[in-house]
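The structure file data37.cif is reproduced below (mmCIF, C-alpha atoms).
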```
data_target
loop_
_atom_site.group_PDB
_atom_site.id
_atom_site.type_symbol
_atom_site.label_atom_id
_atom_site.label_comp_id
_atom_site.auth_asym_id
_atom_site.auth_seq_id
_atom_site.Cartn_x
_atom_site.Cartn_y
_atom_site.Cartn_z
ATOM 1 C CA MET A 4 -12.443 -14.962 17.024
ATOM 2 C CA ILE A 5 -13.232 -13.337 13.687
ATOM 3 C CA ILE A 6 -10.391 -13.362 11.192
ATOM 4 C CA ILE A 7 -10.035 -12.210 7.607
ATOM 5 C CA GLY A 8 -7.534 -12.725 4.797
ATOM 6 C CA ASN A 9 -7.255 -11.360 1.277
ATOM 7 C CA ASP A 10 -5.384 -11.715 -1.984
ATOM 8 C CA PHE A 11 -5.003 -9.647 -5.099
ATOM 9 C CA ILE A 12 -3.667 -10.626 -8.517
ATOM 10 C CA ASP A 13 -3.227 -8.153 -11.359
ATOM 11 C CA MET A 14 -3.695 -10.107 -14.579
ATOM 12 C CA SER A 15 -2.279 -7.254 -16.658
ATOM 13 C CA VAL A 16 1.121 -8.195 -15.205
ATOM 14 C CA PRO A 17 2.707 -10.441 -17.872
ATOM 15 C CA GLU A 18 4.330 -12.716 -15.266
ATOM 16 C CA ASN A 19 0.917 -13.584 -13.829
ATOM 17 C CA LEU A 20 -0.500 -14.517 -17.223
ATOM 18 C CA LYS A 21 2.524 -16.725 -17.803
ATOM 19 C CA THR A 22 2.460 -18.311 -14.333
ATOM 20 C CA PHE A 23 -1.162 -19.371 -14.439
ATOM 21 C CA SER A 24 -0.907 -20.868 -17.906
ATOM 22 C CA ARG A 25 2.279 -22.853 -17.219
ATOM 23 C CA LYS A 26 2.485 -26.531 -17.975
ATOM 24 C CA GLY A 27 2.288 -28.272 -14.601
ATOM 25 C CA ILE A 28 -0.063 -25.735 -12.966
ATOM 26 C CA GLU A 29 -2.551 -28.593 -12.425
ATOM 27 C CA LYS A 30 -0.526 -30.023 -9.541
ATOM 28 C CA PHE A 31 -1.471 -27.110 -7.290
ATOM 29 C CA PHE A 32 -5.190 -27.841 -7.629
ATOM 30 C CA SER A 33 -7.629 -30.668 -6.924
ATOM 31 C CA GLU A 34 -9.240 -32.705 -9.674
ATOM 32 C CA HIS A 35 -12.502 -30.791 -9.341
ATOM 33 C CA GLU A 36 -10.730 -27.418 -9.300
ATOM 34 C CA ASN A 37 -8.865 -28.372 -12.468
ATOM 35 C CA ILE A 38 -12.146 -29.148 -14.181
ATOM 36 C CA ILE A 39 -13.509 -25.722 -13.182
ATOM 37 C CA ALA A 40 -10.324 -23.965 -14.281
ATOM 38 C CA LYS A 41 -10.207 -25.615 -17.655
ATOM 39 C CA THR A 42 -13.791 -24.778 -18.552
ATOM 40 C CA ASP A 43 -12.952 -21.110 -18.956
ATOM 41 C CA VAL A 44 -9.294 -20.325 -19.517
ATOM 42 C CA ILE A 45 -9.986 -16.788 -20.750
ATOM 43 C CA ASN A 46 -11.330 -15.657 -17.376
ATOM 44 C CA HIS A 47 -8.205 -16.694 -15.505
ATOM 45 C CA ASN A 48 -9.889 -19.374 -13.442
ATOM 46 C CA TYR A 49 -6.620 -20.803 -12.113
ATOM 47 C CA ALA A 50 -5.664 -17.368 -10.805
ATOM 48 C CA ARG A 51 -9.083 -16.936 -9.171
ATOM 49 C CA LEU A 52 -8.806 -20.296 -7.432
ATOM 50 C CA TRP A 53 -5.260 -19.436 -6.341
ATOM 51 C CA ALA A 54 -6.410 -16.114 -4.860
ATOM 52 C CA MET A 55 -9.162 -17.827 -2.870
ATOM 53 C CA LYS A 56 -6.700 -20.384 -1.522
ATOM 54 C CA GLU A 57 -4.158 -17.684 -0.621
ATOM 55 C CA SER A 58 -6.838 -15.642 1.175
ATOM 56 C CA ILE A 59 -7.847 -18.689 3.198
ATOM 57 C CA TYR A 60 -4.190 -19.471 3.912
ATOM 58 C CA LYS A 61 -3.808 -15.996 5.461
ATOM 59 C CA CYS A 62 -6.723 -16.821 7.764
ATOM 60 C CA MET A 63 -5.105 -20.132 8.666
ATOM 61 C CA LEU A 64 -1.884 -18.359 9.664
ATOM 62 C CA LYS A 65 -3.877 -16.184 12.046
ATOM 63 C CA LEU A 66 -5.259 -19.300 13.692
ATOM 64 C CA GLY A 67 -1.774 -20.670 14.282
ATOM 65 C CA TYR A 68 -1.012 -22.666 11.115
ATOM 66 C CA LYS A 69 2.764 -22.786 10.872
ATOM 67 C CA HIS A 70 3.470 -24.278 7.464
ATOM 68 C CA ALA A 71 4.147 -22.679 4.089
ATOM 69 C CA PHE A 72 1.394 -22.153 1.540
ATOM 70 C CA SER A 73 0.616 -25.483 -0.118
ATOM 71 C CA PRO A 74 -2.399 -24.743 -2.316
ATOM 72 C CA ALA A 75 -3.291 -28.352 -3.049
ATOM 73 C CA LYS A 76 -3.893 -28.879 0.676
ATOM 74 C CA ILE A 77 -6.714 -26.307 0.565
ATOM 75 C CA ILE A 78 -9.440 -28.052 -1.399
ATOM 76 C CA LEU A 79 -12.182 -25.646 -2.376
ATOM 77 C CA ASP A 80 -15.866 -26.310 -2.727
ATOM 78 C CA VAL A 81 -16.574 -23.673 -5.363
ATOM 79 C CA GLU A 82 -19.761 -21.979 -6.469
ATOM 80 C CA ASN A 83 -18.931 -19.973 -9.548
ATOM 81 C CA GLU A 84 -21.032 -17.350 -11.130
ATOM 82 C CA ILE A 85 -19.810 -15.159 -13.964
ATOM 83 C CA LYS A 86 -18.541 -12.184 -11.951
ATOM 84 C CA SER A 87 -18.362 -13.350 -8.377
ATOM 85 C CA TRP A 88 -17.147 -16.675 -7.068
ATOM 86 C CA SER A 89 -17.599 -18.092 -3.602
ATOM 87 C CA ALA A 90 -15.951 -21.080 -2.002
ATOM 88 C CA SER A 91 -15.613 -22.869 1.290
ATOM 89 C CA THR A 92 -13.281 -25.423 2.765
ATOM 90 C CA ILE A 93 -12.657 -27.165 6.072
ATOM 91 C CA ILE A 94 -9.092 -27.321 7.403
ATOM 92 C CA ASP A 95 -8.291 -28.763 10.833
ATOM 93 C CA SER A 96 -11.999 -28.657 11.755
ATOM 94 C CA VAL A 97 -12.311 -24.928 10.916
ATOM 95 C CA LYS A 98 -14.592 -23.880 8.065
ATOM 96 C CA TYR A 99 -13.377 -21.005 5.902
ATOM 97 C CA PHE A 100 -15.296 -19.002 3.318
ATOM 98 C CA ALA A 101 -13.947 -16.993 0.391
ATOM 99 C CA LEU A 102 -15.428 -14.478 -2.026
ATOM 100 C CA CYS A 103 -13.665 -13.590 -5.250
ATOM 101 C CA LYS A 104 -14.499 -11.022 -7.904
ATOM 102 C CA MET A 105 -12.839 -9.897 -11.062
ATOM 103 C CA ASP A 106 -12.792 -6.175 -11.772
ATOM 104 C CA GLY A 107 -11.117 -5.495 -15.091
ATOM 105 C CA ASN A 108 -7.698 -7.079 -14.819
ATOM 106 C CA TYR A 109 -7.832 -7.257 -11.029
ATOM 107 C CA ILE A 110 -8.725 -10.420 -9.183
ATOM 108 C CA GLU A 111 -9.733 -9.463 -5.633
ATOM 109 C CA CYS A 112 -10.514 -12.006 -2.983
ATOM 110 C CA VAL A 113 -11.410 -11.969 0.702
ATOM 111 C CA ALA A 114 -11.824 -14.862 3.122
ATOM 112 C CA SER A 115 -12.981 -15.356 6.678
ATOM 113 C CA ASN A 116 -13.927 -18.008 9.186
ATOM 114 C CA SER A 117 -17.335 -16.301 9.411
ATOM 115 C CA LYS A 118 -19.603 -16.462 6.384
ATOM 116 C CA LYS A 119 -21.917 -13.749 7.641
ATOM 117 C CA ILE A 120 -19.231 -11.057 7.799
ATOM 118 C CA LEU A 121 -17.781 -11.760 4.329
ATOM 119 C CA LYS A 122 -19.934 -9.135 2.657
ATOM 120 C CA ASP A 123 -19.127 -6.574 5.352
ATOM 121 C CA ILE A 124 -15.408 -6.700 4.613
ATOM 122 C CA GLU A 125 -14.375 -3.476 2.919
ATOM 123 C CA SER A 126 -11.574 -3.516 0.368
ATOM 124 C CA PHE A 127 -9.838 -0.784 -1.552
ATOM 125 C CA MET A 128 -6.736 -0.389 -3.670
ATOM 126 C CA LEU A 129 -3.831 1.687 -2.499
ATOM 127 C CA LYS A 130 -1.097 2.806 -4.847
ATOM 128 C CA THR A 131 2.055 3.492 -2.930
ATOM 129 C CA ASN A 132 5.760 2.882 -2.955
ATOM 130 C CA ILE A 133 6.304 4.227 0.533
ATOM 131 C CA SER A 134 5.365 2.887 3.955
ATOM 132 C CA ILE A 135 2.124 0.957 3.712
ATOM 133 C CA SER A 136 1.398 1.646 7.343
ATOM 134 C CA LYS A 137 1.327 5.426 7.167
ATOM 135 C CA GLN A 138 -0.707 5.493 3.971
ATOM 136 C CA SER A 139 -3.088 2.875 5.301
ATOM 137 C CA LEU A 140 -3.731 4.702 8.525
ATOM 138 C CA LEU A 141 -4.763 7.870 6.730
ATOM 139 C CA LYS A 142 -6.948 6.132 4.183
ATOM 140 C CA LEU A 143 -8.559 3.760 6.634
ATOM 141 C CA ASN A 144 -9.420 6.355 9.237
ATOM 142 C CA LYS A 145 -10.839 8.733 6.668
ATOM 143 C CA ARG A 146 -12.790 6.183 4.692
ATOM 144 C CA TYR A 147 -14.351 4.262 7.561
ATOM 145 C CA ASN A 148 -14.370 6.907 10.264
ATOM 146 C CA MET A 149 -12.050 4.785 12.348
ATOM 147 C CA LYS A 150 -9.217 5.632 14.666
ATOM 148 C CA VAL A 151 -6.519 3.154 13.822
ATOM 149 C CA THR A 152 -3.466 4.230 15.777
ATOM 150 C CA GLU A 153 -0.924 1.743 14.497
ATOM 151 C CA ILE A 154 -0.556 -1.109 12.047
ATOM 152 C CA ILE A 155 1.914 -3.645 13.313
ATOM 153 C CA LYS A 156 3.127 -6.888 11.831
ATOM 154 C CA THR A 157 3.579 -10.064 13.825
ATOM 155 C CA THR A 158 6.646 -12.274 13.392
ATOM 156 C CA LEU A 159 4.628 -14.218 10.835
ATOM 157 C CA ASN A 160 4.123 -11.007 8.836
ATOM 158 C CA ILE A 161 0.451 -10.780 9.800
ATOM 159 C CA PRO A 162 -0.797 -7.165 9.847
ATOM 160 C CA LEU A 163 -2.854 -5.985 12.789
ATOM 161 C CA ALA A 164 -4.660 -2.617 12.924
ATOM 162 C CA LEU A 165 -4.615 -1.431 16.526
ATOM 163 C CA SER A 166 -7.138 1.101 17.771
ATOM 164 C CA GLU A 167 -7.503 2.640 21.206
ATOM 165 C CA SER A 168 -6.730 0.515 24.227
ATOM 166 C CA ASN A 169 -8.128 -3.028 24.063
ATOM 167 C CA PHE A 170 -9.522 -2.735 20.543
ATOM 168 C CA TYR A 171 -8.328 -3.646 17.056
ATOM 169 C CA TYR A 172 -9.690 -4.082 13.541
ATOM 170 C CA GLU A 173 -9.231 -7.182 11.446
ATOM 171 C CA ILE A 174 -7.131 -6.253 8.419
ATOM 172 C CA SER A 175 -5.372 -8.017 5.554
ATOM 173 C CA LEU A 176 -2.945 -6.661 2.964
ATOM 174 C CA SER A 177 -1.974 -8.037 -0.401
ATOM 175 C CA SER A 178 0.582 -6.435 -2.692
ATOM 176 C CA GLU A 179 1.475 -6.623 -6.338
ATOM 177 C CA GLU A 180 4.547 -4.500 -7.041
ATOM 178 C CA SER A 181 3.514 -1.015 -5.809
ATOM 179 C CA LEU A 182 -0.211 -1.735 -5.639
ATOM 180 C CA TYR A 183 -1.911 -2.933 -2.446
ATOM 181 C CA LEU A 184 -5.314 -4.387 -1.768
ATOM 182 C CA VAL A 185 -6.314 -3.366 1.751
ATOM 183 C CA SER A 186 -9.205 -5.329 3.257
ATOM 184 C CA ILE A 187 -10.682 -4.512 6.621
ATOM 185 C CA TYR A 188 -13.596 -5.593 8.762
ATOM 186 C CA PRO A 189 -14.546 -2.141 10.043
ATOM 187 C CA THR A 190 -15.893 -3.235 13.391
ATOM 188 C CA LYS A 191 -13.935 -2.894 16.611
ATOM 189 C CA LEU A 192 -12.875 -6.208 18.130
ATOM 190 C CA ASN A 193 -11.592 -6.954 21.592
ATOM 191 C CA VAL A 194 -7.822 -7.288 21.490
ATOM 192 C CA LEU A 195 -7.916 -9.738 24.394
ATOM 193 C CA GLU A 196 -9.597 -12.209 22.054
ATOM 194 C CA CYS A 197 -6.953 -11.821 19.366
ATOM 195 C CA ASN A 198 -4.924 -15.007 19.590
ATOM 196 C CA TYR A 199 -2.209 -13.933 17.194
ATOM 197 C CA LEU A 200 -1.311 -10.618 18.814
ATOM 198 C CA ASN A 201 1.289 -12.355 20.986
ATOM 199 C CA LEU A 202 3.210 -13.103 17.800
ATOM 200 C CA LYS A 203 4.132 -9.421 17.556
ATOM 201 C CA SER A 204 7.821 -9.001 16.710
ATOM 202 C CA MET B 30 22.279 -30.902 4.265
ATOM 203 C CA LYS B 31 24.321 -30.327 1.131
ATOM 204 C CA THR B 32 24.729 -26.803 -0.199
ATOM 205 C CA ASP B 33 25.992 -27.817 -3.659
ATOM 206 C CA ASN B 34 22.598 -26.949 -5.072
ATOM 207 C CA LEU B 35 22.535 -23.473 -3.553
ATOM 208 C CA PRO B 36 23.852 -21.546 -6.611
ATOM 209 C CA LYS B 37 21.195 -23.049 -8.881
ATOM 210 C CA VAL B 38 18.462 -22.388 -6.327
ATOM 211 C CA ILE B 39 19.599 -18.770 -5.952
ATOM 212 C CA GLU B 40 19.618 -18.411 -9.726
ATOM 213 C CA ILE B 41 15.993 -19.594 -9.867
ATOM 214 C CA LEU B 42 14.900 -17.371 -6.968
ATOM 215 C CA SER B 43 16.598 -14.328 -8.481
ATOM 216 C CA LYS B 44 14.217 -14.502 -11.448
ATOM 217 C CA TYR B 45 11.221 -14.029 -9.192
ATOM 218 C CA THR B 46 12.198 -11.676 -6.379
ATOM 219 C CA TYR B 47 11.377 -7.980 -6.248
ATOM 220 C CA ASP B 48 14.308 -7.424 -3.922
ATOM 221 C CA LYS B 49 17.476 -7.887 -5.966
ATOM 222 C CA LYS B 50 19.630 -6.590 -3.094
ATOM 223 C CA ALA B 51 18.284 -9.273 -0.775
ATOM 224 C CA ILE B 52 19.073 -12.044 -3.236
ATOM 225 C CA ASP B 53 22.632 -10.721 -3.598
ATOM 226 C CA ASN B 54 23.036 -11.128 0.170
ATOM 227 C CA ALA B 55 20.962 -14.287 0.448
ATOM 228 C CA ASN B 56 21.555 -16.710 3.295
ATOM 229 C CA LEU B 57 19.956 -20.031 4.139
ATOM 230 C CA LYS B 58 17.657 -18.619 6.807
ATOM 231 C CA MET B 59 16.008 -16.079 4.511
ATOM 232 C CA ARG B 60 12.268 -16.514 4.056
ATOM 233 C CA LEU B 61 11.006 -16.584 0.472
ATOM 234 C CA MET B 62 8.043 -14.281 1.015
ATOM 235 C CA GLY B 63 9.074 -12.244 4.028
ATOM 236 C CA ASP B 64 12.747 -11.561 3.275
ATOM 237 C CA LEU B 65 13.086 -12.007 -0.477
ATOM 238 C CA LYS B 66 9.738 -10.295 -1.178
ATOM 239 C CA ILE B 67 8.648 -13.040 -3.520
ATOM 240 C CA ASN B 68 5.018 -12.764 -4.566
ATOM 241 C CA SER B 69 3.029 -15.867 -3.584
ATOM 242 C CA ALA B 70 2.002 -16.520 -7.184
ATOM 243 C CA ARG B 71 5.670 -16.930 -8.084
ATOM 244 C CA ILE B 72 5.737 -20.058 -5.865
ATOM 245 C CA VAL B 73 4.206 -21.806 -8.872
ATOM 246 C CA ASP B 74 7.196 -20.792 -11.009
ATOM 247 C CA ILE B 75 9.779 -21.571 -8.347
ATOM 248 C CA VAL B 76 8.393 -25.045 -7.655
ATOM 249 C CA LEU B 77 8.056 -25.917 -11.344
ATOM 250 C CA ASP B 78 11.540 -24.537 -12.152
ATOM 251 C CA ILE B 79 13.122 -26.500 -9.293
ATOM 252 C CA GLU B 80 11.337 -29.680 -10.328
ATOM 253 C CA GLU B 81 12.631 -29.238 -13.853
ATOM 254 C CA GLU B 82 16.171 -28.234 -12.866
ATOM 255 C CA PHE B 83 16.688 -31.036 -10.348
ATOM 256 C CA ASP B 84 14.469 -33.636 -12.006
ATOM 257 C CA ILE B 85 12.348 -34.160 -8.903
ATOM 258 C CA GLU B 86 8.672 -33.930 -8.053
ATOM 259 C CA MET B 87 7.523 -32.071 -4.951
ATOM 260 C CA ASP B 88 4.365 -33.294 -3.261
ATOM 261 C CA ASP B 89 1.927 -31.238 -1.177
ATOM 262 C CA ASP B 90 3.815 -31.943 2.048
ATOM 263 C CA SER B 91 7.099 -30.756 0.505
ATOM 264 C CA LEU B 92 5.451 -27.527 -0.614
ATOM 265 C CA ALA B 93 4.189 -26.937 2.919
ATOM 266 C CA ARG B 94 7.821 -26.979 4.108
ATOM 267 C CA LEU B 95 9.085 -24.257 1.758
ATOM 268 C CA ILE B 96 9.499 -21.267 4.042
ATOM 269 C CA THR B 97 13.236 -20.536 3.762
ATOM 270 C CA ILE B 98 16.024 -21.111 1.233
ATOM 271 C CA GLN B 99 17.316 -23.854 3.512
ATOM 272 C CA ASP B 100 13.928 -25.603 3.297
ATOM 273 C CA ILE B 101 14.234 -25.689 -0.503
ATOM 274 C CA LEU B 102 17.669 -27.314 -0.280
ATOM 275 C CA GLU B 103 16.410 -29.868 2.237
ATOM 276 C CA VAL B 104 13.419 -30.762 0.091
ATOM 277 C CA ILE B 105 15.667 -31.189 -2.967
ATOM 278 C CA ASP B 106 17.986 -33.455 -0.954
ATOM 279 C CA SER B 107 15.167 -35.580 0.415
ATOM 280 C CA GLU B 108 13.393 -35.900 -2.940
ATOM 281 C CA LYS B 109 16.619 -36.866 -4.691
ATOM 282 C CA ALA B 110 17.385 -39.445 -2.006
ATOM 283 C CA GLU B 111 14.089 -41.250 -2.655
#
```
Please render this file's structure as structure tokens.
Amino acid sequence: MIIIGNDFIDMSVPENLKTFSRKGIEKFFSEHENIIAKTDVINHNYARLWAMKESIYKCMLKLGYKHAFSPAKIILDVENEIKSWSASTIIDSVKYFALCKMDGNYIECVASNSKKILKDIESFMLKTNISISKQSLLKLNKRYNMKVTEIIKTTLNIPLALSESNFYYEISLSSEESLYLVSIYPTKLNVLECNYLNLKS
Amino acid sequence: MKTDNLPKVIEILSKYTYDKKAIDNANLKMRLMGDLKINSARIVDIVLDIEEEFDIEMDDDSLARLITIQDILEVIDSEKAE
């Protein structure tokens, strides 16, 4: 089963700058991650690592992980280039991959259990203070020529973009105040293979 | 589980939630992210504030338990008992 997760951090938000430069931030990261983060404080490396971990955590939830986000438990093997970072990790025998880029003040990250689809995941920002579902439907269908009929959330708050009978699209949402990062794998998947659909509330 | 620490925990959470109404009506079963609309990055602040306020240190396993307000109180209790 293909799954995706995403995360978005706006570094122009003063709280984020403060959070990721707090004394004690090291405890949420491995020794190696701390070394990477401290080599380049200006480029918000702690926030980038956090976003990759959060994206992977969203994938883990879809595969049945039932615990809260504990970033130090997700130890990243990071390849960092100036603009785009990639990372992988193995949790409970599943390998996850994450891609992270920084666009202005925005840190945008996507993750999946399939490395080959990472670059096919489409992401866009949505500015809204009303229902994410209605806005998303319109934008998604128009942008990717899809026919998403409904976006539901499971009891674990996992979004699912349903299409016509027996099909769905993998989707992930990340919000920062009234700004959303919507990420979608714009290929129809068989809903019968979606293990987390039965968690629908 | 003791609830003596609840007011201080609520005070810390109230600094980081988008949903001020929810925190006014907070109950032990409320989920930090789902119900209180706390951004995941604020977990850093909440954990560090709680550690400072209650003079405890939360390990990775404790963090993995922090889903509801009740979980925070239980972790504080268990860390203080050690």
query = What residues in chain A have any atom no more than 12 Å from chain B when counting all atoms listed in the file, and can you write them as a VMD selection string?
reply = chain A and resid 10 to 14 16 18 to 33 49 to 54 56 to 58 60 to 61 68 to 78 156 to 161 177 to 181
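Atom pair atom CA of A:Ile120 / atom CA of A:Thr190: separated by 10.2 Å.
Nearest residue to A:Leu184, choosing from A:Ser126, A:Asn116, A:Asn169, A:Asn198 and counting all atoms listed in the file: A:Ser126.
Counting only C-alpha atoms and comparing B:Gln99, B:Ser107, B:Ser43, B:Asn34, the residue that lies closest to B:Leu57 is B:Gln99.
Between B:Ile98 and the residues B:Asn54, B:Lys37, B:Arg60, B:Asp48, the shortest atom-to-atom distance, using all atoms listed in the file, involves B:Arg60.
Between atom CA of A:Glu173 and atom CA of A:Tyr188 the separation is 5.4 Å.
With distances restricted to all atoms listed in the file, B:Glu80 is the closest residue to B:Ile41 from B:Asp100, B:Glu86, B:Glu108, B:Glu80.
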key: Nearest to A:Ser96 by atom-to-atom distance, counting all atoms listed in the file, from A:Ile7, A:Leu66, A:Leu121, A:Ile45   = A:Leu66
query = So what does the PyMOL selection byres ((chain A and resi 92) around 8) actually pick up in this one, as a ChimeraX atom specification?
reply = /A:77-80,90-91,93-94,98-100
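With distances taken over all atoms listed in the file, A:Asn83 is the one residue among A:Leu64, A:Asn83, A:Asp95, A:Cys103 lying closest to A:Thr42.
With atom CA of A:Met55 on one side and atom CA of B:Leu42 on the other, the separation reads 24.4 Å.
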Output check: residues returned by the PyMOL selection byres ((chain B and resi 110) around 12), as a VMD selection string = chain B and resid 30 to 31 83 to 86 103 to 109 111
